[in-house]
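Asker: I'd like to ask you about the structure that follows.
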Amino acid sequence: MQSLRLLDSDKVVMGCPPAALATTAGDGDYISLKNFDRVAFLIAVDNATTVTGGAVTLKQATLVDGTGEKALAFTKMWANEDAAASDTLVETAVTSNTFTTDTTDAKNLIYVIEIQAADLDVSNGFDCVRIDVASMANAVGSVLYLLRSSRYAPPLAISAITD
């Protein structure tokens with residue numbers, strides 16, 4: 001029995017390289033969903049001490065350069081706020097389209113947000129999305145975008161960082 005490789009079905013794109021996700025450093029790159037049905041934002045955080053959690057939001061635009069940027073609503077995410085002790089992600093409600101990462105010192109955290117391309121304001125031409133993390137202090141984080149269900153071609157053949 002031959003199994004499907006991850007890269008045969010999904011495209012992995014760097015959203016935010018490892019950094020202190022604060023202000024502009026937490027502004028993820030835009031990707032286009034015009035050739036994909038959904039994206040999962042995979043957020044990894046390494047808290048140090050005296051941590052200030054990062055406020056996580058999503059933004060949408062009509063082009064990957066950020067044209068017409070506006071907030072993107074989402075109502076849930078999955079969290080593992082002690083990745084050293086468990087590998088379980090817990091579905092968690094999100095209010096007001098934002099959440100703040102955990103502020104417990106010396107913890108490794110994982111968050112996942114998944115949206116469908118149809119969640120964007122497609123009727124007004126919005127097909128690009130990015131993550132934004134603001135105000136995080138004394139922690140390092142990174143974000144990967146996992147694009148799923150390519151519409152027209154194998155995911156490795158499709159660019160998500162161009163319009």
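Identifiers in the structure tokens: chain A, B, ... in order shown; residue index from 1 per chain; ligand index from 1 in order shown.
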If you run DSSP on the backbone here, which positions in chain A get strand (DSSP E or B)? Please write them as a ChimeraX atom specification.
Answerer: /A:10-19,27,31-32,36-52,55-61,70-71,76-80,90-93,95,98-100,108-116,128-134,137-150
Asker: List the spatial neighbours of segment 127-144 of chain A as number ranges by chain - criterion: any atom at most 7 Å away, only C-alpha atoms, same-chain residues fewer than 5 positions off excluded.
Answerer: A: 12-23, 26-34, 41-64, 117, 120, 122
Asker: Just the helix (DSSP H, G or I) stuff from chain A, please, per backbone DSSP, written as a PDB file with C-alpha atoms, in the first residue's frame.
Answerer:
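Result saved to states_26.pdb:
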```
ATOM      1  CA  LEU A   6       2.308  15.459   2.788  1.00  0.00           C
ATOM      2  CA  LEU A   7       3.817  17.440  -0.077  1.00  0.00           C
ATOM      3  CA  ASP A   8       1.650  15.611  -2.618  1.00  0.00           C
ATOM      4  CA  SER A   9      -1.454  17.134  -1.051  1.00  0.00           C
ATOM      5  CA  THR A  23       4.731  44.721  16.123  1.00  0.00           C
ATOM      6  CA  THR A  24       6.083  44.417  12.559  1.00  0.00           C
ATOM      7  CA  ALA A  25       8.066  41.234  13.288  1.00  0.00           C
ATOM      8  CA  GLY A  26       4.741  39.485  13.893  1.00  0.00           C
ATOM      9  CA  ALA A 117     -10.868  30.252   1.260  1.00  0.00           C
ATOM     10  CA  ALA A 118     -14.641  30.819   1.286  1.00  0.00           C
ATOM     11  CA  ASP A 119     -14.300  32.500   4.724  1.00  0.00           C
ATOM     12  CA  VAL A 122     -14.566  36.606  -1.923  1.00  0.00           C
ATOM     13  CA  SER A 123     -17.492  38.570  -3.339  1.00  0.00           C
ATOM     14  CA  ASN A 124     -15.325  41.697  -3.056  1.00  0.00           C
ATOM     15  CA  PRO A 155       0.664  21.884  -4.668  1.00  0.00           C
ATOM     16  CA  LEU A 156       4.398  21.883  -5.345  1.00  0.00           C
ATOM     17  CA  ALA A 157       3.699  23.387  -8.793  1.00  0.00           C
TER      18      ALA A 157
END
```
Asker: Between atom CA of Ala40 of chain A and atom CA of Leu146 of chain A, measure the distance and give it in Å to one decimal.
Answerer: 5.0 Å
Asker: From the options A:Ile113, A:Thr162, A:Phe126, A:Lys70, which residue's atoms come nearest to Val39 of chain A, counting only C-alpha atoms?
Answerer: A:Ile113
Asker: Which one of A:Ile158, A:Gly125, A:Asn35, A:Asp163 sits closest to Glu69 of chain A if you count only C-alpha atoms?
Answerer: A:Gly125
Asker: Hey, what's within 9 Å of Thr95 of chain A if we count only C-alpha atoms and toss same-chain stuff fewer than 6 positions away? As a list in words, please?
Answerer: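 Skipping anything fewer than 6 positions along the chain leaves Phe74, Thr75 and Lys76 of chain A.
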Asker: Excluding Phe36 of chain A and residues on its chain fewer than 2 positions from it, collect all residues at most 7 Å away from it, counting only C-alpha atoms, and give them as a PDB file with N, CA and C atoms, in the first residue's frame.
Answerer:
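Once everything was written out, this is out-v4.pdb:
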```
ATOM      1  N   LEU A  33      -4.977  32.417  -1.653  1.00  0.00           N
ATOM      2  CA  LEU A  33      -5.745  31.174  -1.594  1.00  0.00           C
ATOM      3  C   LEU A  33      -6.523  30.911  -2.885  1.00  0.00           C
ATOM      4  N   LYS A  34      -6.227  31.648  -3.952  1.00  0.00           N
ATOM      5  CA  LYS A  34      -7.015  31.480  -5.176  1.00  0.00           C
ATOM      6  C   LYS A  34      -6.878  30.068  -5.753  1.00  0.00           C
ATOM      7  N   ARG A  38      -8.188  25.812   1.508  1.00  0.00           N
ATOM      8  CA  ARG A  38      -8.065  26.141   2.930  1.00  0.00           C
ATOM      9  C   ARG A  38      -6.606  26.324   3.314  1.00  0.00           C
ATOM     10  N   LEU A 147      -1.118  25.049   3.327  1.00  0.00           N
ATOM     11  CA  LEU A 147      -2.202  25.219   2.354  1.00  0.00           C
ATOM     12  C   LEU A 147      -2.677  23.850   1.906  1.00  0.00           C
ATOM     13  N   ARG A 148      -4.002  23.680   1.893  1.00  0.00           N
ATOM     14  CA  ARG A 148      -4.591  22.372   1.644  1.00  0.00           C
ATOM     15  C   ARG A 148      -5.481  22.404   0.405  1.00  0.00           C
ATOM     16  N   SER A 149      -5.690  21.250  -0.156  1.00  0.00           N
ATOM     17  CA  SER A 149      -6.650  21.049  -1.247  1.00  0.00           C
ATOM     18  C   SER A 149      -6.424  21.995  -2.424  1.00  0.00           C
ATOM     19  N   SER A 150      -5.302  21.792  -3.110  1.00  0.00           N
ATOM     20  CA  SER A 150      -5.057  22.610  -4.300  1.00  0.00           C
ATOM     21  C   SER A 150      -6.131  22.312  -5.335  1.00  0.00           C
ATOM     22  N   ARG A 151      -6.557  23.342  -6.021  1.00  0.00           N
ATOM     23  CA  ARG A 151      -7.709  23.227  -6.916  1.00  0.00           C
ATOM     24  C   ARG A 151      -7.363  22.746  -8.317  1.00  0.00           C
TER      25      ARG A 151
END
```
Asker: Can you tell me, as an mmCIF file with N, CA and C atoms, in the first residue's frame, what residues are no more than 10 Å from Ala85 of chain A when counting only C-alpha atoms, ignoring any on the same chain fewer than 5 positions away?
Answerer:
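Saved result, part-v4.cif, follows:
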```cif
data_model
loop_
_atom_site.group_PDB
_atom_site.id
_atom_site.type_symbol
_atom_site.label_atom_id
_atom_site.label_comp_id
_atom_site.auth_asym_id
_atom_site.auth_seq_id
_atom_site.Cartn_x
_atom_site.Cartn_y
_atom_site.Cartn_z
ATOM 1 N N ASN A 80 -2.298 24.018 22.344
ATOM 2 C CA ASN A 80 -1.561 23.162 23.268
ATOM 3 C C ASN A 80 -0.622 24.111 23.996
ATOM 4 N N LYS A 107 7.357 27.913 28.898
ATOM 5 C CA LYS A 107 6.479 26.921 28.268
ATOM 6 C C LYS A 107 6.631 26.993 26.751
ATOM 7 N N ASN A 108 6.460 25.837 26.113
ATOM 8 C CA ASN A 108 6.403 25.760 24.661
ATOM 9 C C ASN A 108 4.949 25.592 24.268
#
```
Asker: Under the rule that only C-alpha atoms are counted, which of A:Ala160, A:Leu109, A:Leu4, A:Ile115 is the nearest residue to Ser86 of chain A?
Answerer: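 Comparing A:Ala160, A:Leu109, A:Leu4, A:Ile115 against Ser86 of chain A, the winner is A:Leu109.
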Asker: What does the distance between atom CA of Tyr145 of chain A and atom CA of Tyr111 of chain A come to in Å, to one decimal place?
Answerer: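 Taking atom CA of Tyr145 of chain A and atom CA of Tyr111 of chain A, their separation equals 12.0 Å.
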